[in-house]
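Okay, structure first, notes after.
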Amino acid sequence: MVGYGEAGHGVTGQGAVGHDAAGHDAAGYDEELWTLAQGVEAAVREVGAGLAAGRPTEPAPERTAEEAMARFAELDGPAAAELRDRLGALRPRAGWVPEELDGSVPAEGEWWVCDATDGAVQYLLGQPHWAVTATLVRDGAAVLAVVHAPELFGAGRTYRAVLGGGAQLDGRPIAPLERELAATVAATSQPPLVAADPVAVRRAGESLSAMVGAVLAVRNLGPTALQVAQVGSGHLALFWQYGQDAGNLLPGALIASEAGAAVTDAAGAAWTAASDSFLVAAPGLHADAVGVLRAVG
C-alpha cells in the first residue's frame with residue numbers, strides 16, 4: 001500500500017515517486033490521468049448541479065435520524081447511481097467501492113471511491129458546505145481526485161489533482177500558505193462511525209483541548225475531503241482527525257499533497273488508508289502541529 005510521506009512532496013511505500021520543486025513527478029506524470037481528470041470533473045459537476053437544484057433552501061423537517069436518512073437516500077441514491085454510470089463509462093476497468101460508512105478501501109486493484117454528497121448533514125440543513133467527490137484508487141492509494149463544492153462561494157469551487165502532476169483549484173495551481181501556528185485557523189472532524197471507536201473519541205477530545213490553546217481558532221467546516229483540500233490552497237492552515245476514514249480522506253490527501261502540504265498521521269509518520277489518525281499542514285507548520293498532538297495519548 002502506498003503512503004504519504006512527511007514532506008508532502010513525495011509518496012512512500014510501493015510505487016514511490018519523486019517530485020521536483022513544483023510538486024511534479026520528476027520522471028513525468030501520467031498525462032492520461034490528467035485527461036481522465038477532465039472527464040471526471042465534468043461528471044462530478046453534472047451530478048453536483050442536479051443535487052444543488054434539488055437541495056432544500058430550508059432545513060429538512062425530519063425529526064429522527066431514521067427519517068433524515070430516508071430523506072437523504074431519496075436524493076443521494078439517484079445521484080450516486082448517475083455518478084457511477086458516468087465514471088464507469090470513463091474508466092470501465094475500474095471497480096466501484098460502495099459508500100460504506102467504515103471508509104475502507106481495497107488494497108489491490110483499481111477502484112472508484114466516490115461520495116455523491118459529502119457533507120450530507122449540511123446538505124439536509126440547507127447549507128452550502130457539501131461536495132461531490134470522486135477518487136481513483138490504485139493499489140490502495142489515490143492517483144486522481146476531484147472535489148467539487150457546487151455552492152461554495154456562490155459559483156462553486158473545484159479541486160483536482162493527479163499523482164505526480166500537481167493540484168489545481170478552478171484550473172489554477174495551488175500551494176499551502178505558511179503562517180505562525182498561533183495565527184492559523186485549524187480544522188478537524190470525525191469519521192462517520194467514530195462513536196463505535198472509544199479510543200478515537202478520546203483522542204478527538206484530547207486533541208481539541210490541546211489545539212485550541214495553540215492556534216487562533218479551530219473549526220469544522222463540513223465535508224472532510226473539502227477541508228483537507230483547503231489546506232492545499234491555503235484556505236485552512238491544518239486539519240487533523242482521529243479514527244480510520246480513508247474514503248473521506250483520500251481525495252483531499254492527494255490534492256493537498258500534490259499542492260505541497262505535508263500529509264502524515266498525527267504522530268508524523270507516513271499516512272496510508274489504514275492509518276488511525278491523520279494530519280495535513282503547510283510544511284512549515286507540520287512539526288509544530290505534531291508537537292501539539294503529542295499531548296494525545
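Starting from 1 in every chain, residues are counted up; chains themselves are A, B, ... following the order of the C-alpha cells, and ligands are numbered from 1 as listed.
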
Notebook entry, point to check: Quick one: DSSP strand (DSSP E or B) residues in stretch 13-184 of chain A, as a PyMOL selection string?
Noted result: chain A and resi 13+19+24-25+95-97+110-118+131-138+141-149+157-162+165+167-169+172-173

Residues from last step as file, C-alpha atoms, as an mmCIF file, in the first residue's frame:
```cif
data_model
loop_
_atom_site.group_PDB
_atom_site.id
_atom_site.type_symbol
_atom_site.label_atom_id
_atom_site.label_comp_id
_atom_site.auth_asym_id
_atom_site.auth_seq_id
_atom_site.Cartn_x
_atom_site.Cartn_y
_atom_site.Cartn_z
ATOM 1 C CA GLY A 13 5.944 2.679 0.017
ATOM 2 C CA HIS A 19 8.815 15.333 -7.268
ATOM 3 C CA HIS A 24 5.553 17.309 -10.253
ATOM 4 C CA ASP A 25 6.776 13.775 -10.790
ATOM 5 C CA GLY A 95 -14.216 -1.270 -9.814
ATOM 6 C CA TRP A 96 -16.654 0.606 -7.611
ATOM 7 C CA VAL A 97 -16.382 0.842 -3.831
ATOM 8 C CA GLU A 110 -8.087 -0.003 -9.419
ATOM 9 C CA TRP A 111 -11.275 1.341 -7.853
ATOM 10 C CA TRP A 112 -13.505 4.390 -7.785
ATOM 11 C CA VAL A 113 -14.068 5.746 -4.267
ATOM 12 C CA CYS A 114 -16.792 8.403 -4.505
ATOM 13 C CA ASP A 115 -19.285 10.327 -2.441
ATOM 14 C CA ALA A 116 -22.131 11.997 -4.293
ATOM 15 C CA THR A 117 -22.988 14.088 -1.233
ATOM 16 C CA ASP A 118 -20.024 14.525 1.084
ATOM 17 C CA ALA A 131 -19.325 18.459 -2.019
ATOM 18 C CA VAL A 132 -19.244 15.737 -4.658
ATOM 19 C CA THR A 133 -16.028 13.723 -4.593
ATOM 20 C CA ALA A 134 -14.507 11.202 -6.996
ATOM 21 C CA THR A 135 -11.209 9.439 -6.387
ATOM 22 C CA LEU A 136 -9.466 6.828 -8.490
ATOM 23 C CA VAL A 137 -7.577 4.496 -6.166
ATOM 24 C CA ARG A 138 -4.855 2.171 -7.402
ATOM 25 C CA ALA A 141 -3.549 4.853 -2.935
ATOM 26 C CA ALA A 142 -5.281 7.749 -4.668
ATOM 27 C CA VAL A 143 -3.921 8.569 -8.134
ATOM 28 C CA LEU A 144 -6.653 11.014 -9.214
ATOM 29 C CA ALA A 145 -9.075 13.102 -7.191
ATOM 30 C CA VAL A 146 -11.771 15.697 -7.827
ATOM 31 C CA VAL A 147 -13.596 17.543 -5.049
ATOM 32 C CA HIS A 148 -16.391 19.821 -6.276
ATOM 33 C CA ALA A 149 -18.378 22.067 -3.931
ATOM 34 C CA ARG A 157 -15.206 25.642 -6.305
ATOM 35 C CA THR A 158 -13.470 22.614 -7.820
ATOM 36 C CA TYR A 159 -10.223 20.979 -6.698
ATOM 37 C CA ARG A 160 -8.471 18.337 -8.760
ATOM 38 C CA ALA A 161 -5.145 16.516 -8.687
ATOM 39 C CA VAL A 162 -3.321 13.556 -10.191
ATOM 40 C CA GLY A 165 1.007 16.134 -11.609
ATOM 41 C CA ALA A 167 -3.062 20.168 -7.814
ATOM 42 C CA GLN A 168 -5.441 22.847 -9.028
ATOM 43 C CA LEU A 169 -8.358 24.908 -7.775
ATOM 44 C CA ARG A 172 -5.162 27.251 -11.303
ATOM 45 C CA PRO A 173 -2.174 25.703 -9.460
#
```

Item checked: DSSP alpha helix (DSSP H) residues within stretch 46-246 of chain A, listed as a PyMOL selection string -> chain A and resi 46-54+65-90+120-124+198-212+224-232+246

Margin query: Residues within 9 Å of stretch 85-90 of chain A, please, as a list in words. Count only C-alpha atoms; anything in the same chain fewer than 3 positions from it doesn't count.
Written below: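 Surrounding residues, per the criterion: Leu36, Gly39, Val40, Ala43, Val44, Ala80, Ala81, Glu82, Arg93, Ala94, Gly95, Trp96, Trp112 and Ala134 of chain A.
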
Could you take the residues named above and write them with N, CA, C and O atoms, as an mmCIF file, in the first residue's frame?
```cif
data_model
loop_
_atom_site.group_PDB
_atom_site.id
_atom_site.type_symbol
_atom_site.label_atom_id
_atom_site.label_comp_id
_atom_site.auth_asym_id
_atom_site.auth_seq_id
_atom_site.Cartn_x
_atom_site.Cartn_y
_atom_site.Cartn_z
ATOM 1 N N LEU A 36 -8.103 12.087 -18.087
ATOM 2 C CA LEU A 36 -9.207 11.454 -17.377
ATOM 3 C C LEU A 36 -9.798 12.408 -16.340
ATOM 4 O O LEU A 36 -11.021 12.465 -16.162
ATOM 5 N N GLY A 39 -12.503 14.628 -17.640
ATOM 6 C CA GLY A 39 -13.785 13.950 -17.778
ATOM 7 C C GLY A 39 -14.448 13.709 -16.440
ATOM 8 O O GLY A 39 -15.672 13.833 -16.309
ATOM 9 N N VAL A 40 -13.639 13.374 -15.436
ATOM 10 C CA VAL A 40 -14.182 13.156 -14.097
ATOM 11 C C VAL A 40 -14.766 14.455 -13.553
ATOM 12 O O VAL A 40 -15.860 14.466 -12.965
ATOM 13 N N ALA A 43 -18.121 15.070 -15.058
ATOM 14 C CA ALA A 43 -19.133 14.189 -14.482
ATOM 15 C C ALA A 43 -19.551 14.659 -13.099
ATOM 16 O O ALA A 43 -20.748 14.694 -12.765
ATOM 17 N N VAL A 44 -18.572 15.013 -12.286
ATOM 18 C CA VAL A 44 -18.847 15.459 -10.923
ATOM 19 C C VAL A 44 -19.658 16.755 -10.934
ATOM 20 O O VAL A 44 -20.576 16.950 -10.127
ATOM 21 N N ALA A 80 -25.805 9.149 -6.741
ATOM 22 C CA ALA A 80 -24.716 8.190 -6.683
ATOM 23 C C ALA A 80 -24.749 7.243 -7.881
ATOM 24 O O ALA A 80 -23.709 6.888 -8.448
ATOM 25 N N ALA A 81 -25.945 6.833 -8.276
ATOM 26 C CA ALA A 81 -26.077 5.952 -9.439
ATOM 27 C C ALA A 81 -25.632 6.659 -10.705
ATOM 28 O O ALA A 81 -24.955 6.064 -11.566
ATOM 29 N N GLU A 82 -25.990 7.928 -10.845
ATOM 30 C CA GLU A 82 -25.563 8.692 -12.019
ATOM 31 C C GLU A 82 -24.051 8.840 -12.053
ATOM 32 O O GLU A 82 -23.423 8.691 -13.109
ATOM 33 N N ARG A 93 -12.639 -0.377 -16.616
ATOM 34 C CA ARG A 93 -11.926 -1.447 -15.909
ATOM 35 C C ARG A 93 -11.814 -1.218 -14.407
ATOM 36 O O ARG A 93 -11.405 -2.123 -13.663
ATOM 37 N N ALA A 94 -12.136 -0.027 -13.939
ATOM 38 C CA ALA A 94 -12.051 0.270 -12.510
ATOM 39 C C ALA A 94 -13.292 -0.234 -11.790
ATOM 40 O O ALA A 94 -14.415 -0.082 -12.271
ATOM 41 N N GLY A 95 -13.092 -0.821 -10.623
ATOM 42 C CA GLY A 95 -14.216 -1.270 -9.814
ATOM 43 C C GLY A 95 -14.864 -0.106 -9.085
ATOM 44 O O GLY A 95 -14.440 1.046 -9.194
ATOM 45 N N TRP A 96 -15.900 -0.418 -8.323
ATOM 46 C CA TRP A 96 -16.654 0.606 -7.611
ATOM 47 C C TRP A 96 -16.760 0.218 -6.142
ATOM 48 O O TRP A 96 -17.239 -0.855 -5.813
ATOM 49 N N TRP A 112 -12.938 3.077 -8.030
ATOM 50 C CA TRP A 112 -13.505 4.390 -7.785
ATOM 51 C C TRP A 112 -14.006 4.449 -6.343
ATOM 52 O O TRP A 112 -14.759 3.591 -5.904
ATOM 53 N N ALA A 134 -14.816 12.389 -6.191
ATOM 54 C CA ALA A 134 -14.507 11.202 -6.996
ATOM 55 C C ALA A 134 -13.011 10.970 -6.934
ATOM 56 O O ALA A 134 -12.228 11.874 -7.247
#
```

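The gap separating atom CA of A:Ala274 from atom CA of A:Val292 is 22.8 Å, in Å to one decimal.
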
Item checked: Who sits within 7 Å of stretch 235-242 of chain A, only C-alpha atoms, same chain under 5 positions skipped, as a PyMOL selection string -> chain A and resi 177+184-190+200+203-204+228+230+276-282

Selection file, all heavy atoms, as a CSV table (one decimal), in the first residue's frame:
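Contents of out.csv, freshly written:
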```csv
chain,number,residue,atom,x,y,z
A,177,LEU,N,-0.3,28.0,2.4
A,177,LEU,CA,0.3,29.2,2.9
A,177,LEU,C,0.9,29.0,4.3
A,177,LEU,O,0.3,28.3,5.1
A,177,LEU,CB,-0.8,30.3,3.0
A,177,LEU,CG,-1.5,30.8,1.7
A,177,LEU,CD1,-2.5,31.8,2.0
A,177,LEU,CD2,-0.4,31.4,0.8
A,184,THR,N,-3.0,30.7,12.9
A,184,THR,CA,-3.7,29.8,12.0
A,184,THR,C,-5.1,29.5,12.4
A,184,THR,O,-5.4,29.5,13.6
A,184,THR,CB,-2.9,28.5,11.8
A,184,THR,OG1,-2.9,27.8,13.0
A,184,THR,CG2,-1.5,28.8,11.4
A,185,VAL,N,-5.9,29.2,11.4
A,185,VAL,CA,-7.2,28.6,11.6
A,185,VAL,C,-7.1,27.1,11.3
A,185,VAL,O,-6.8,26.7,10.1
A,185,VAL,CB,-8.3,29.2,10.8
A,185,VAL,CG1,-9.6,28.5,10.9
A,185,VAL,CG2,-8.5,30.7,11.2
A,186,ALA,N,-7.3,26.2,12.3
A,186,ALA,CA,-7.2,24.8,12.1
A,186,ALA,C,-8.6,24.2,12.0
A,186,ALA,O,-9.5,24.8,12.4
A,186,ALA,CB,-6.4,24.2,13.2
A,187,ALA,N,-8.7,23.1,11.4
A,187,ALA,CA,-10.0,22.4,11.3
A,187,ALA,C,-9.8,20.9,11.7
A,187,ALA,O,-8.7,20.3,11.6
A,187,ALA,CB,-10.5,22.5,9.8
A,188,THR,N,-10.9,20.3,12.1
A,188,THR,CA,-11.0,18.9,12.5
A,188,THR,C,-12.3,18.4,12.2
A,188,THR,O,-13.3,19.1,12.0
A,188,THR,CB,-10.5,18.7,13.9
A,188,THR,OG1,-10.4,17.3,14.2
A,188,THR,CG2,-11.6,19.3,14.9
A,189,SER,N,-12.5,17.1,12.3
A,189,SER,CA,-13.7,16.4,12.1
A,189,SER,C,-13.6,15.0,12.7
A,189,SER,O,-12.6,14.7,13.3
A,189,SER,CB,-14.1,16.4,10.6
A,189,SER,OG,-15.5,15.9,10.5
A,190,GLN,N,-14.6,14.2,12.5
A,190,GLN,CA,-14.7,12.8,13.0
A,190,GLN,C,-15.2,11.9,11.9
A,190,GLN,O,-16.1,12.3,11.1
A,190,GLN,CB,-15.5,12.7,14.3
A,190,GLN,CG,-15.1,13.6,15.4
A,190,GLN,CD,-15.5,15.0,15.3
A,190,GLN,OE1,-16.7,15.2,14.9
A,190,GLN,NE2,-14.7,15.9,15.7
A,200,ALA,N,-10.7,6.6,19.5
A,200,ALA,CA,-10.7,7.8,18.6
A,200,ALA,C,-11.5,8.9,19.2
A,200,ALA,O,-11.1,10.1,19.1
A,200,ALA,CB,-11.3,7.4,17.2
A,203,ARG,N,-9.2,10.5,21.8
A,203,ARG,CA,-8.2,11.3,21.2
A,203,ARG,C,-8.7,12.6,20.6
A,203,ARG,O,-8.0,13.6,20.6
A,203,ARG,CB,-7.5,10.4,20.1
A,203,ARG,CG,-6.6,9.3,20.7
A,203,ARG,CD,-6.0,8.4,19.7
A,203,ARG,NE,-5.0,7.5,20.2
A,203,ARG,CZ,-4.5,6.5,19.5
A,203,ARG,NH1,-4.9,6.3,18.2
A,203,ARG,NH2,-3.6,5.7,20.0
A,204,ALA,N,-9.9,12.5,20.0
A,204,ALA,CA,-10.5,13.7,19.4
A,204,ALA,C,-10.7,14.8,20.5
A,204,ALA,O,-10.4,15.9,20.2
A,204,ALA,CB,-11.8,13.3,18.8
A,228,VAL,N,-9.7,19.1,3.9
A,228,VAL,CA,-8.3,18.7,3.6
A,228,VAL,C,-7.7,19.4,2.4
A,228,VAL,O,-6.6,19.9,2.4
A,228,VAL,CB,-8.2,17.2,3.5
A,228,VAL,CG1,-6.8,16.7,3.2
A,228,VAL,CG2,-8.6,16.5,4.8
A,230,GLN,N,-8.6,22.2,1.2
A,230,GLN,CA,-8.4,23.6,1.5
A,230,GLN,C,-7.1,23.9,2.2
A,230,GLN,O,-6.6,25.1,2.1
A,230,GLN,CB,-9.6,24.1,2.3
A,230,GLN,CG,-10.9,24.2,1.5
A,230,GLN,CD,-12.1,24.7,2.3
A,230,GLN,OE1,-12.3,24.2,3.4
A,230,GLN,NE2,-12.9,25.6,1.7
A,276,ASP,N,-4.9,5.2,11.6
A,276,ASP,CA,-6.0,5.5,12.5
A,276,ASP,C,-5.9,7.0,13.0
A,276,ASP,O,-6.6,7.4,13.9
A,276,ASP,CB,-6.0,4.6,13.8
A,276,ASP,CG,-4.7,4.7,14.6
A,276,ASP,OD1,-3.8,5.5,14.3
A,276,ASP,OD2,-4.6,4.0,15.6
A,277,SER,N,-5.1,7.8,12.3
A,277,SER,CA,-5.1,9.2,12.6
A,277,SER,C,-4.6,9.9,11.3
A,277,SER,O,-4.0,9.3,10.4
A,277,SER,CB,-4.2,9.6,13.8
A,277,SER,OG,-2.9,9.3,13.5
A,278,PHE,N,-4.8,11.2,11.2
A,278,PHE,CA,-4.5,12.0,10.0
A,278,PHE,C,-4.1,13.4,10.4
A,278,PHE,O,-4.7,14.0,11.3
A,278,PHE,CB,-5.7,12.0,9.1
A,278,PHE,CG,-5.5,12.7,7.8
A,278,PHE,CD1,-4.9,12.1,6.7
A,278,PHE,CD2,-5.9,14.0,7.7
A,278,PHE,CE1,-4.7,12.8,5.5
A,278,PHE,CE2,-5.7,14.8,6.5
A,278,PHE,CZ,-5.1,14.1,5.4
A,279,LEU,N,-3.1,13.9,9.7
A,279,LEU,CA,-2.7,15.3,9.8
A,279,LEU,C,-2.2,15.8,8.5
A,279,LEU,O,-1.4,15.2,7.8
A,279,LEU,CB,-1.6,15.4,10.9
A,279,LEU,CG,-0.9,16.8,11.0
A,279,LEU,CD1,-1.9,17.8,11.5
A,279,LEU,CD2,0.3,16.7,11.9
A,280,VAL,N,-2.7,17.0,8.1
A,280,VAL,CA,-2.2,17.7,6.9
A,280,VAL,C,-2.0,19.1,7.3
A,280,VAL,O,-2.8,19.8,8.1
A,280,VAL,CB,-3.2,17.6,5.8
A,280,VAL,CG1,-4.6,18.1,6.1
A,280,VAL,CG2,-2.6,18.4,4.5
A,281,ALA,N,-0.8,19.7,6.9
A,281,ALA,CA,-0.5,21.1,7.3
A,281,ALA,C,0.5,21.6,6.3
A,281,ALA,O,1.1,20.9,5.5
A,281,ALA,CB,0.2,21.1,8.7
A,282,ALA,N,0.5,23.0,6.2
A,282,ALA,CA,1.6,23.6,5.5
A,282,ALA,C,2.9,23.1,6.0
A,282,ALA,O,3.1,22.9,7.2
A,282,ALA,CB,1.5,25.1,5.6
```

What lies within 12 Å of A:Glu74 using only C-alpha atoms, ignoring chain neighbours under 3 positions off, as a tab-separated table (two decimals) with N, CA, C and O atoms, in the first residue's frame?
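And here's selection_0.tsv as it stands now:
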```
chain	number	residue	atom	x	y	z
A	51	LEU	N	-27.87	17.87	-7.83
A	51	LEU	CA	-28.12	17.88	-6.39
A	51	LEU	C	-28.40	19.29	-5.89
A	51	LEU	O	-29.27	19.50	-5.04
A	54	GLY	N	-31.88	20.33	-6.46
A	54	GLY	CA	-32.87	19.68	-5.62
A	54	GLY	C	-32.68	19.92	-4.14
A	54	GLY	O	-33.46	19.41	-3.32
A	55	ARG	N	-31.64	20.68	-3.77
A	55	ARG	CA	-31.38	20.89	-2.35
A	55	ARG	C	-32.40	21.84	-1.74
A	55	ARG	O	-32.70	22.89	-2.30
A	67	GLU	N	-35.67	9.12	9.85
A	67	GLU	CA	-36.38	9.93	8.86
A	67	GLU	C	-35.41	10.74	8.01
A	67	GLU	O	-35.59	10.86	6.79
A	68	ALA	N	-34.39	11.30	8.65
A	68	ALA	CA	-33.40	12.09	7.92
A	68	ALA	C	-32.63	11.23	6.93
A	68	ALA	O	-32.38	11.64	5.78
A	69	MET	N	-32.25	10.02	7.35
A	69	MET	CA	-31.51	9.13	6.46
A	69	MET	C	-32.38	8.70	5.28
A	69	MET	O	-31.89	8.58	4.15
A	70	ALA	N	-33.65	8.47	5.52
A	70	ALA	CA	-34.55	8.09	4.43
A	70	ALA	C	-34.69	9.23	3.43
A	70	ALA	O	-34.68	9.00	2.21
A	71	ARG	N	-34.83	10.44	3.94
A	71	ARG	CA	-34.93	11.60	3.05
A	71	ARG	C	-33.66	11.77	2.25
A	71	ARG	O	-33.68	12.03	1.03
A	77	GLY	N	-29.31	8.66	-3.51
A	77	GLY	CA	-29.29	7.41	-4.27
A	77	GLY	C	-29.22	7.60	-5.76
A	77	GLY	O	-28.33	7.07	-6.43
A	78	PRO	N	-30.14	8.37	-6.35
A	78	PRO	CA	-30.06	8.61	-7.80
A	78	PRO	C	-28.79	9.32	-8.22
A	78	PRO	O	-28.23	9.04	-9.28
A	79	ALA	N	-28.29	10.26	-7.39
A	79	ALA	CA	-27.07	10.99	-7.72
A	79	ALA	C	-25.87	10.04	-7.72
A	79	ALA	O	-25.01	10.10	-8.61
A	80	ALA	N	-25.81	9.15	-6.74
A	80	ALA	CA	-24.72	8.19	-6.68
A	80	ALA	C	-24.75	7.24	-7.88
A	80	ALA	O	-23.71	6.89	-8.45
A	81	ALA	N	-25.95	6.83	-8.28
A	81	ALA	CA	-26.08	5.95	-9.44
A	81	ALA	C	-25.63	6.66	-10.71
A	81	ALA	O	-24.95	6.06	-11.57
A	117	THR	N	-22.62	12.99	-2.13
A	117	THR	CA	-22.99	14.09	-1.23
A	117	THR	C	-22.14	14.01	0.03
A	117	THR	O	-22.60	13.55	1.08
A	124	LEU	N	-28.73	18.59	4.07
A	124	LEU	CA	-30.10	18.49	4.56
A	124	LEU	C	-30.53	19.72	5.37
A	124	LEU	O	-31.72	19.99	5.50
```

Margin query: Under the rule that only C-alpha atoms are counted, which of A:Arg179, A:Gly213, A:Tyr4, A:Val105 is the nearest residue to A:Asp139?
Written below: A:Val105

Next item on the list: Go ahead and compute the interatomic distance for atom CA of A:Asp30 and atom CA of A:Ile255, in Å to one decimal.
Entry: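 If I compute the distance from atom CA of A:Asp30 to atom CA of A:Ile255, I get 15.7 Å.
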
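If you measure from each of A:Glu258, A:Thr224, A:Val47, A:Val296 to A:Met211 using only C-alpha atoms, the closest one turns out to be A:Val296.
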
Check: For A:Ala120, which residue out of A:Pro59, A:Glu41, A:Leu293, A:Glu206 is the nearest one, using only C-alpha atoms?
Finding: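 Using only C-alpha atoms, the shortest distance to A:Ala120 belongs to A:Pro59.
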
Notebook entry, point to check: If you measure from atom CA of A:Ala73 to atom CA of A:Arg45, what distance in Å do you get, rounded to one decimal?
Noted result: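 Rounded to one decimal, the two atoms are 19.8 Å apart.
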
Checklist line | Given only C-alpha atoms as the counted atoms, nearest of A:Glu46, A:Leu250, A:Arg63, A:Ala107 to A:Ala229 | finding: A:Leu250

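Closest approach to A:Val212 among A:Leu249, A:Ala261, A:Ala289, A:Ala49 is made by A:Ala289 (distances from only C-alpha atoms).
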